[in-house]
Amino acid sequence: MEQLHIDLKDHSYDILIGGGLLQEAGALICSLRPKARAVVLTDDTVLRLYGDSLSQSLAEAGISAAFFSIPSGESSKSMDQLEKLLNFMAAHRLTRSDLLIAFGGGVVGDLGGFAAASYMRGIDFIQIPTTLLAQVDSSVGGKTAVNLDSGKNLAGAFWQPRLVIADTSVLSTLSRREFAGGMAEVIKYGCIFDRDFFAFLENCPDRSALMAYMPYIIRTCCDLKRIVVEEDERDTGHRMMLNFGHTFGHAIETIGSYQRYIHGEAVALGMILAVAYGSLAGVTPGDFADPLARLCRRFGLPVTCDIRPTELVKHMTIDKKADGTTLRLILLSQPGRAFIQTVTLEELTTAMKQLDHIWGN
Ligand SMILES: NC(=O)c1ccc[n+]([C@@H]2O[C@H](COP(=O)([O-])OP(=O)(O)OC[C@H]3O[C@@H](n4cnc5c(N)ncnc54)[C@H](O)[C@@H]3O)[C@@H](O)[C@H]2O)c1
Ligand SMILES: [Zn+2]
C-alpha cells in the first residue's frame with residue numbers, strides 16, 4: 001500500500017492507495033472514527049459493481065451505514081440531488097460526529113464533499129474515489145461543488161476529506177473512454193511538473209502495463225498535486241499550474257456541449273494546443289509536440305478535433321480565467337516545467353489564426 005500525508009494543519013489527511021483496499025475500508029474508517037455512523041453517497045453504476053464489497057467491509061467493522069445512490073453522470077451534480085442527499089442525511093439522524101462517505105467518481109466526490117461541508121455547517125467526510133480521474137485529481141485538494149443552471153461548479157466550498165482510500169483494482173471496470181479521460185490528467189502532471197514521470201509513461205506500452213504500476217502512478221500524481229495544494233489551498237496562485245490544457249479544454253468542452261468530448265479528452269486537445277501555442281510564441285520547445293501527441297494517442301485520447309482554434313478563442317472570453325482583455329495561460333518552458341503567461345485576447349486571436357489548421361482540417 002502507498003501512503004501520502006497532505007499537510008494542511010487542522011485539515012491534514014492521509015491518502016491510502018493500493019489494490020484491494022475496498023475490503024479494508026471498514027477497518028480503516030473504524031480506526032479513524034470508532035463509533036461513527038455513516039451515509040454512503042454513491043452512483044448507480046458503482047453501487048451495482050462494488051456496493052456489496054463496501055457494505056460488507058463496513059458491516060464487518062461494525063459501522064452502521066445507509067446508502068444513497070444517484071443516477072450516474074454529470075447531471076446528478078445538481079442542487080436537486082444535494083437537497084435530496086441532505087434530507088436523507090437528516091432522515092438518518094446523522095449528527096456532527098458522524099460521517100459522509102463519497103464512494104464513486106468525481107461527480108460523487110464533488111456532490112458528497114459539498115453536502116458534508118453544508119450539513120449542520122460541516123461534518124467529516126471520507127473519499128473512496130473509483131475513477132482514475134477521481135483518484136489522481138478530484139479527491140485531492142478539497143474543492144467541492146455542484147452545477148447550477150447558470151454554469152458548472154458555480155456553488156461549492158473548500159472542504160477537505162478526513163481520509164482518502166483509493167483502491168486501484170476498481171479501475172479495471174472503467175470504460176475505455178473513462179480510463180483515457182483520467183490518463184489525460186496523469187499525462188498533465190508529467191508535462192507540468194515531472195519530466196521523468198512523463199518518460200516513465202512513455203515506457204508503458206498500454207493500459208495493462210499501466211495497471212501493474214497503478215499505485216505508483218496515483219501516488220506520484222497525488223504527491224505532485226499535494227505540493228501545490230499545500231502551498232496554495234485556496235487556489236489563488238501556484239495551483240493554477242494544474243490548469244495546463246484546461247483553458248483551451250474548457251472551451252472545447254463547452255462548444256461540444258460536454259457531449260462530444262469528455263473532460264479528459266478536451267484536456268488532451270487543450271494540452272496539444274498549449275504546446276503548439278508555446279512553440280509558436282518561442283517559449284516551448286517545438287519538438288515536444290510529437291511525444292505529447294503520441295502518448296495521448298496511445299492511451300486512447302483524441303489528438304485532432306473538429307473545432308478550430310479561432311472558434312475556441314471566442315469562447316475563452318467567457319472562461320472564468322479570463323480577466324478583461326487578458327487571460328492567463330499555463331505554458332511549458334520545457335517538458336516537466338510550467339509557468340503562467342498573461343496574454344491579450346488580441347495576441348491569442350492572432351496566434352490561433354496561425355494554428356487554425358493544426359488539426360489537419
Ligand atoms: N473537485 C475537483 O478538484 C475536481 C477536479 C477534477 C474534476 N472534478 C469533477 O469531477 C467530475 C468528473 O469526474 P469523473 O470523470 O470521475 O466522472 P463520474 O463521477 O461521472 O464517473 C464517470 C463514469 O464512470 C462510472 N464509474 C465510476 N467508477 C467506476 C468504476 N470503478 N468502474 C466502472 N465505472 C465506474 C460512473 O458511474 C460514471 O458513469 C466532474 O464533475 C468534474 O467537475 C472535480
Ligand atoms: Zn481536469
# chains A, B, ... in the order shown; residues from 1 in each chain; ligands from 1
call {"tool": "select_by_dssp", "arguments": {"residues": "region 70-305 of chain A", "states": "strand (DSSP E)", "output": "PyMOL selection string"}}
result
chain A and resi 70+99-104+124-129+143-148+151-158+163-167
call {"tool": "write_last_selection", "arguments": {"atoms": "N, CA and C atoms", "output": "mmCIF file, in the first residue's frame"}}
result
data_model
loop_
_atom_site.group_PDB
_atom_site.id
_atom_site.type_symbol
_atom_site.label_atom_id
_atom_site.label_comp_id
_atom_site.auth_asym_id
_atom_site.auth_seq_id
_atom_site.Cartn_x
_atom_site.Cartn_y
_atom_site.Cartn_z
ATOM 1 N N ILE A 70 -27.206 7.936 -6.565
ATOM 2 C CA ILE A 70 -27.698 8.895 -7.566
ATOM 3 C C ILE A 70 -27.507 8.293 -8.959
ATOM 4 N N LEU A 99 -20.403 10.593 9.768
ATOM 5 C CA LEU A 99 -19.578 10.714 8.552
ATOM 6 C C LEU A 99 -20.387 10.630 7.274
ATOM 7 N N LEU A 100 -19.914 11.312 6.260
ATOM 8 C CA LEU A 100 -20.400 11.052 4.912
ATOM 9 C C LEU A 100 -19.252 10.378 4.155
ATOM 10 N N ILE A 101 -19.573 9.286 3.462
ATOM 11 C CA ILE A 101 -18.560 8.610 2.646
ATOM 12 C C ILE A 101 -18.934 8.809 1.184
ATOM 13 N N ALA A 102 -18.030 9.413 0.409
ATOM 14 C CA ALA A 102 -18.286 9.644 -1.032
ATOM 15 C C ALA A 102 -17.604 8.523 -1.802
ATOM 16 N N PHE A 103 -18.416 7.638 -2.366
ATOM 17 C CA PHE A 103 -17.912 6.404 -2.971
ATOM 18 C C PHE A 103 -18.263 6.395 -4.459
ATOM 19 N N GLY A 104 -17.343 6.902 -5.293
ATOM 20 C CA GLY A 104 -17.614 6.972 -6.726
ATOM 21 C C GLY A 104 -16.613 7.862 -7.427
ATOM 22 N N ASP A 124 -17.562 15.609 8.927
ATOM 23 C CA ASP A 124 -16.414 14.958 8.306
ATOM 24 C C ASP A 124 -16.845 14.097 7.125
ATOM 25 N N PHE A 125 -15.977 14.018 6.141
ATOM 26 C CA PHE A 125 -16.269 13.100 5.038
ATOM 27 C C PHE A 125 -15.031 12.361 4.585
ATOM 28 N N ILE A 126 -15.300 11.190 3.991
ATOM 29 C CA ILE A 126 -14.224 10.314 3.528
ATOM 30 C C ILE A 126 -14.420 10.063 2.049
ATOM 31 N N GLN A 127 -13.349 10.141 1.298
ATOM 32 C CA GLN A 127 -13.426 9.903 -0.146
ATOM 33 C C GLN A 127 -12.967 8.485 -0.452
ATOM 34 N N ILE A 128 -13.807 7.747 -1.188
ATOM 35 C CA ILE A 128 -13.355 6.476 -1.758
ATOM 36 C C ILE A 128 -13.535 6.621 -3.272
ATOM 37 N N PRO A 129 -12.545 7.232 -3.932
ATOM 38 C CA PRO A 129 -12.678 7.518 -5.360
ATOM 39 C C PRO A 129 -12.559 6.254 -6.207
ATOM 40 N N LYS A 143 -11.665 20.745 -3.192
ATOM 41 C CA LYS A 143 -12.686 21.533 -3.900
ATOM 42 C C LYS A 143 -13.941 20.689 -4.043
ATOM 43 N N THR A 144 -15.069 21.253 -3.642
ATOM 44 C CA THR A 144 -16.340 20.538 -3.777
ATOM 45 C C THR A 144 -17.318 21.468 -4.485
ATOM 46 N N ALA A 145 -18.290 20.911 -5.168
ATOM 47 C CA ALA A 145 -19.213 21.800 -5.894
ATOM 48 C C ALA A 145 -20.401 21.052 -6.468
ATOM 49 N N VAL A 146 -21.429 21.818 -6.802
ATOM 50 C CA VAL A 146 -22.496 21.324 -7.681
ATOM 51 C C VAL A 146 -22.642 22.327 -8.824
ATOM 52 N N ASN A 147 -23.301 21.883 -9.888
ATOM 53 C CA ASN A 147 -23.550 22.763 -11.030
ATOM 54 C C ASN A 147 -24.874 23.502 -10.837
ATOM 55 N N LEU A 148 -24.939 24.720 -11.350
ATOM 56 C CA LEU A 148 -26.203 25.460 -11.372
ATOM 57 C C LEU A 148 -26.654 25.571 -12.831
ATOM 58 N N GLY A 151 -24.228 27.616 -14.719
ATOM 59 C CA GLY A 151 -22.866 27.192 -15.045
ATOM 60 C C GLY A 151 -22.358 26.069 -14.151
ATOM 61 N N LYS A 152 -21.238 25.484 -14.613
ATOM 62 C CA LYS A 152 -20.633 24.334 -13.933
ATOM 63 C C LYS A 152 -19.903 24.771 -12.662
ATOM 64 N N ASN A 153 -20.010 23.998 -11.613
ATOM 65 C CA ASN A 153 -19.284 24.215 -10.353
ATOM 66 C C ASN A 153 -19.515 25.591 -9.732
ATOM 67 N N LEU A 154 -20.685 26.192 -9.979
ATOM 68 C CA LEU A 154 -20.869 27.574 -9.510
ATOM 69 C C LEU A 154 -21.177 27.681 -8.016
ATOM 70 N N ALA A 155 -21.693 26.606 -7.417
ATOM 71 C CA ALA A 155 -21.909 26.629 -5.968
ATOM 72 C C ALA A 155 -21.031 25.559 -5.338
ATOM 73 N N GLY A 156 -20.217 25.953 -4.362
ATOM 74 C CA GLY A 156 -19.340 24.947 -3.768
ATOM 75 C C GLY A 156 -18.602 25.496 -2.566
ATOM 76 N N ALA A 157 -17.687 24.696 -2.057
ATOM 77 C CA ALA A 157 -16.926 25.104 -0.869
ATOM 78 C C ALA A 157 -15.579 24.394 -0.890
ATOM 79 N N PHE A 158 -14.617 24.962 -0.182
ATOM 80 C CA PHE A 158 -13.383 24.216 0.077
ATOM 81 C C PHE A 158 -13.645 23.381 1.321
ATOM 82 N N LEU A 163 -10.001 11.418 5.121
ATOM 83 C CA LEU A 163 -9.214 10.284 4.650
ATOM 84 C C LEU A 163 -9.615 10.007 3.206
ATOM 85 N N VAL A 164 -8.629 9.605 2.383
ATOM 86 C CA VAL A 164 -8.929 9.178 1.014
ATOM 87 C C VAL A 164 -8.447 7.737 0.863
ATOM 88 N N ILE A 165 -9.340 6.859 0.406
ATOM 89 C CA ILE A 165 -8.980 5.451 0.206
ATOM 90 C C ILE A 165 -9.123 5.154 -1.289
ATOM 91 N N ALA A 166 -7.991 4.997 -1.973
ATOM 92 C CA ALA A 166 -8.032 4.753 -3.421
ATOM 93 C C ALA A 166 -7.678 3.299 -3.713
ATOM 94 N N ASP A 167 -8.702 2.506 -4.030
ATOM 95 C CA ASP A 167 -8.490 1.097 -4.379
ATOM 96 C C ASP A 167 -8.263 1.007 -5.890
#
call {"tool": "select_by_dssp", "arguments": {"residues": "region 202-248 of chain A", "states": "alpha helix (DSSP H)", "output": "list in words"}}
result
Glu202, Arg207, Ser208, Ala209, Leu210, Met211, Ala212, Met214, Pro215, Tyr216, Ile217, Ile218, Arg219, Thr220, Cys221, Cys222, Asp223, Leu224, Lys225, Arg226, Ile227, Val228, Val229, Glu230, Glu231, His246, Thr247 and Phe248 of chain A
call {"tool": "closest_atom_pairs", "arguments": {"of": "chain A", "to": "ligand 1", "cutoff": "8 Å", "atoms": "only C-alpha atoms and all ligand atoms", "output": "tab-separated table"}}
result
residue	atom	partner	partner_atom_place_in_ligand_line	distance
A:Asp43	CA	ligand 1	37 (O)	5.8
A:Asp44	CA	ligand 1	37 (O)	6.5
A:Thr45	CA	ligand 1	37 (O)	4.5
A:Val46	CA	ligand 1	28 (N)	5.5
A:Leu49	CA	ligand 1	32 (N)	7.1
A:Tyr50	CA	ligand 1	31 (N)	7.9
A:Pro71	CA	ligand 1	37 (O)	7.9
A:Ser72	CA	ligand 1	37 (O)	4.4
A:Gly73	CA	ligand 1	20 (O)	4.2
A:Glu74	CA	ligand 1	20 (O)	5.3
A:Lys77	CA	ligand 1	41 (O)	6.8
A:Gly104	CA	ligand 1	27 (C)	5.2
A:Gly105	CA	ligand 1	19 (O)	3.2
A:Gly106	CA	ligand 1	13 (O)	3.2
A:Val107	CA	ligand 1	19 (O)	3.9
A:Val108	CA	ligand 1	19 (O)	5.7
A:Gly109	CA	ligand 1	1 (N)	7.1
A:Asp110	CA	ligand 1	1 (N)	5.5
A:Pro129	CA	ligand 1	28 (N)	7.5
A:Thr130	CA	ligand 1	28 (N)	4.3
A:Thr131	CA	ligand 1	28 (N)	4.5
A:Leu132	CA	ligand 1	16 (O)	6.9
A:Leu133	CA	ligand 1	16 (O)	5.2
A:Ala134	CA	ligand 1	16 (O)	4.9
A:Asp137	CA	ligand 1	5 (C)	5.3
A:Ser138	CA	ligand 1	4 (C)	3.6
A:Ser139	CA	ligand 1	1 (N)	6.4
A:Val140	CA	ligand 1	3 (O)	6.6
A:Gly141	CA	ligand 1	3 (O)	6.0
A:Gly142	CA	ligand 1	1 (N)	6.5
A:Lys143	CA	ligand 1	1 (N)	4.3
A:Thr144	CA	ligand 1	1 (N)	5.0
A:Ala145	CA	ligand 1	1 (N)	7.0
A:Val146	CA	ligand 1	41 (O)	7.9
A:Lys152	CA	ligand 1	43 (O)	7.3
A:Asn153	CA	ligand 1	43 (O)	6.6
A:Val170	CA	ligand 1	31 (N)	4.4
A:Leu171	CA	ligand 1	31 (N)	4.8
A:Ser172	CA	ligand 1	32 (N)	6.8
A:Thr173	CA	ligand 1	32 (N)	4.1
A:Leu174	CA	ligand 1	33 (C)	3.9
A:Ser175	CA	ligand 1	33 (C)	6.3
A:Glu178	CA	ligand 1	22 (C)	6.2
A:Gly181	CA	ligand 1	15 (O)	7.0
A:Gly182	CA	ligand 1	15 (O)	6.9
A:His263	CA	ligand 1	15 (O)	7.3
A:Gly264	CA	ligand 1	15 (O)	7.8
call {"tool": "closest_residue", "arguments": {"among": "A:Gln341, A:Thr247, A:Thr42, A:Ser57", "to": "ligand 2", "atoms": "only C-alpha atoms and all ligand atoms"}}
result
A:Thr247
call {"tool": "closest_residue", "arguments": {"among": "A:Ile330, A:Leu348, A:Ile262, A:Leu312", "to": "ligand 2", "atoms": "only C-alpha atoms and all ligand atoms"}}
result
A:Ile262
call {"tool": "closest_residue", "arguments": {"among": "A:Leu8, A:Arg328, A:Ala27, A:Ile17", "to": "Thr220 (chain A)", "atoms": "only C-alpha atoms"}}
result
A:Ile17
call {"tool": "atom_distance", "arguments": {"atom1": "CA of Thr304 (chain A)", "atom2": "CA of Trp359 (chain A)"}}
result
4.8 Å
call {"tool": "closest_residue", "arguments": {"among": "A:Met240, A:Ala66, A:Met120, A:Ala209", "to": "ligand 2", "atoms": "only C-alpha atoms and all ligand atoms"}}
result
A:Met240
call {"tool": "closest_residue", "arguments": {"among": "A:Leu329, A:Ala266, A:Leu58, A:Ala289", "to": "ligand 2", "atoms": "only C-alpha atoms and all ligand atoms"}}
result
A:Ala266
call {"tool": "residues_around", "arguments": {"residues": "Ala338 (chain A)", "least_positions_apart": "6", "cutoff": "12 Å", "atoms": "only C-alpha atoms", "output": "PDB file with C-alpha atoms, in the first residue's frame"}}
result
ATOM      1  CA  LYS A 188      -0.705  16.549 -17.491  1.00  0.00           C
ATOM      2  CA  TYR A 189       1.260  16.052 -14.242  1.00  0.00           C
ATOM      3  CA  GLY A 190       4.213  14.764 -16.254  1.00  0.00           C
ATOM      4  CA  CYS A 191       4.047  17.754 -18.596  1.00  0.00           C
ATOM      5  CA  ILE A 192       3.903  20.432 -15.912  1.00  0.00           C
ATOM      6  CA  PHE A 193       5.967  19.059 -13.025  1.00  0.00           C
ATOM      7  CA  ASP A 194       7.939  15.931 -13.770  1.00  0.00           C
ATOM      8  CA  ARG A 195       9.745  15.076 -16.966  1.00  0.00           C
ATOM      9  CA  HIS A 238       0.718  28.262  -7.831  1.00  0.00           C
ATOM     10  CA  ARG A 239      -2.214  25.839  -8.009  1.00  0.00           C
ATOM     11  CA  MET A 240      -3.137  27.461 -11.322  1.00  0.00           C
ATOM     12  CA  MET A 241      -0.403  25.337 -12.946  1.00  0.00           C
ATOM     13  CA  LEU A 242      -2.860  22.455 -12.719  1.00  0.00           C
ATOM     14  CA  ASN A 243      -4.930  24.274 -15.339  1.00  0.00           C
ATOM     15  CA  PHE A 244      -2.469  23.323 -18.060  1.00  0.00           C
ATOM     16  CA  GLY A 245      -4.574  22.298 -21.073  1.00  0.00           C
ATOM     17  CA  MET A 271      -2.541  20.447 -23.857  1.00  0.00           C
ATOM     18  CA  ALA A 274      -0.994  24.917 -25.424  1.00  0.00           C
ATOM     19  CA  VAL A 275       2.248  23.292 -26.596  1.00  0.00           C
ATOM     20  CA  GLY A 278       4.003  27.985 -26.692  1.00  0.00           C
ATOM     21  CA  VAL A 283       8.677  29.670 -25.207  1.00  0.00           C
ATOM     22  CA  THR A 284       8.082  25.899 -25.567  1.00  0.00           C
ATOM     23  CA  LEU A 329      -2.434  30.646 -19.961  1.00  0.00           C
ATOM     24  CA  ILE A 330      -0.365  27.857 -18.496  1.00  0.00           C
ATOM     25  CA  LEU A 331       2.520  27.121 -20.841  1.00  0.00           C
ATOM     26  CA  LEU A 332       5.587  24.888 -20.728  1.00  0.00           C
TER      27      LEU A 332
END
call {"tool": "closest_residue", "arguments": {"among": "A:Leu269, A:Ala115, A:Asp196, A:Ile63", "to": "Pro335 (chain A)", "atoms": "only C-alpha atoms"}}
result
A:Asp196
call {"tool": "residues_around", "arguments": {"residues": "Pro285 (chain A)", "least_positions_apart": "6", "cutoff": "8 Å", "atoms": "only C-alpha atoms", "output": "ChimeraX atom specification"}}
result
/A:278-279,333-334
call {"tool": "write_last_selection", "arguments": {"atoms": "N, CA and C atoms", "output": "compact mmCIF listing (two decimals), in the first residue's frame"}}
result
# COMPACT_ATOMS: atom_id res chain seq x y z
N GLY A 278 2.72 27.66 -27.32
CA GLY A 278 4.00 27.98 -26.69
C GLY A 278 5.15 27.92 -27.69
N SER A 279 5.07 26.94 -28.57
CA SER A 279 6.14 26.80 -29.54
C SER A 279 6.11 27.94 -30.56
N SER A 333 7.80 25.77 -20.27
CA SER A 333 9.09 26.33 -20.70
C SER A 333 9.96 25.18 -21.19
N GLN A 334 9.66 23.99 -20.68
CA GLN A 334 10.29 22.75 -21.14
C GLN A 334 9.41 21.60 -20.62
call {"tool": "residues_around", "arguments": {"residues": "Met89 (chain A)", "least_positions_apart": "2", "cutoff": "12 Å", "atoms": "only C-alpha atoms", "output": "PyMOL selection string"}}
result
chain A and resi 37-41+65-68+82-87+91-96+98-101+112+115-116+118-120+123
call {"tool": "atom_distance", "arguments": {"atom1": "CA of Asp232 (chain A)", "atom2": "CA of Phe114 (chain A)"}}
result
19.9 Å
call {"tool": "decode", "arguments": {"residues": "region 24-43 of chain A", "atoms": "N, CA and C atoms", "output": "short mmCIF file (atom, residue, chain, number, x, y, z; two decimals), in the first residue's frame"}}
result
data_model
loop_
_atom_site.label_atom_id
_atom_site.label_comp_id
_atom_site.auth_asym_id
_atom_site.auth_seq_id
_atom_site.Cartn_x
_atom_site.Cartn_y
_atom_site.Cartn_z
N GLU A 24 -10.73 -3.39 2.99
CA GLU A 24 -10.22 -2.91 4.29
C GLU A 24 -10.84 -1.58 4.70
N ALA A 25 -11.70 -1.03 3.84
CA ALA A 25 -12.22 0.32 4.11
C ALA A 25 -12.88 0.43 5.48
N GLY A 26 -13.69 -0.57 5.83
CA GLY A 26 -14.39 -0.52 7.11
C GLY A 26 -13.42 -0.40 8.28
N ALA A 27 -12.40 -1.26 8.27
CA ALA A 27 -11.43 -1.24 9.37
C ALA A 27 -10.67 0.09 9.41
N LEU A 28 -10.32 0.60 8.23
CA LEU A 28 -9.58 1.87 8.18
C LEU A 28 -10.42 3.03 8.73
N ILE A 29 -11.69 3.03 8.33
CA ILE A 29 -12.58 4.11 8.78
C ILE A 29 -12.83 3.98 10.28
N CYS A 30 -12.98 2.73 10.72
CA CYS A 30 -13.25 2.47 12.13
C CYS A 30 -12.09 2.93 13.01
N SER A 31 -10.85 2.73 12.51
CA SER A 31 -9.72 3.14 13.34
C SER A 31 -9.63 4.67 13.42
N LEU A 32 -10.18 5.34 12.42
CA LEU A 32 -10.17 6.81 12.44
C LEU A 32 -11.30 7.33 13.32
N ARG A 33 -12.49 6.73 13.16
CA ARG A 33 -13.68 7.19 13.89
C ARG A 33 -14.46 5.97 14.39
N PRO A 34 -14.08 5.45 15.55
CA PRO A 34 -14.63 4.17 16.02
C PRO A 34 -16.16 4.10 16.15
N LYS A 35 -16.80 5.16 16.60
CA LYS A 35 -18.24 5.00 16.89
C LYS A 35 -19.15 5.68 15.86
N ALA A 36 -18.54 6.20 14.81
CA ALA A 36 -19.35 7.00 13.88
C ALA A 36 -20.34 6.14 13.10
N ARG A 37 -21.48 6.76 12.75
CA ARG A 37 -22.38 6.15 11.78
C ARG A 37 -22.13 6.87 10.46
N ALA A 38 -22.59 6.28 9.36
CA ALA A 38 -22.24 6.89 8.07
C ALA A 38 -23.39 6.84 7.08
N VAL A 39 -23.43 7.86 6.22
CA VAL A 39 -24.22 7.78 5.00
C VAL A 39 -23.21 7.65 3.87
N VAL A 40 -23.46 6.67 2.98
CA VAL A 40 -22.57 6.47 1.84
C VAL A 40 -23.26 7.02 0.60
N LEU A 41 -22.64 8.03 -0.01
CA LEU A 41 -23.16 8.53 -1.29
C LEU A 41 -22.43 7.78 -2.40
N THR A 42 -23.21 7.26 -3.36
CA THR A 42 -22.59 6.57 -4.49
C THR A 42 -23.45 6.79 -5.74
N ASP A 43 -23.05 6.21 -6.88
CA ASP A 43 -23.95 6.30 -8.04
C ASP A 43 -24.37 4.89 -8.45
#
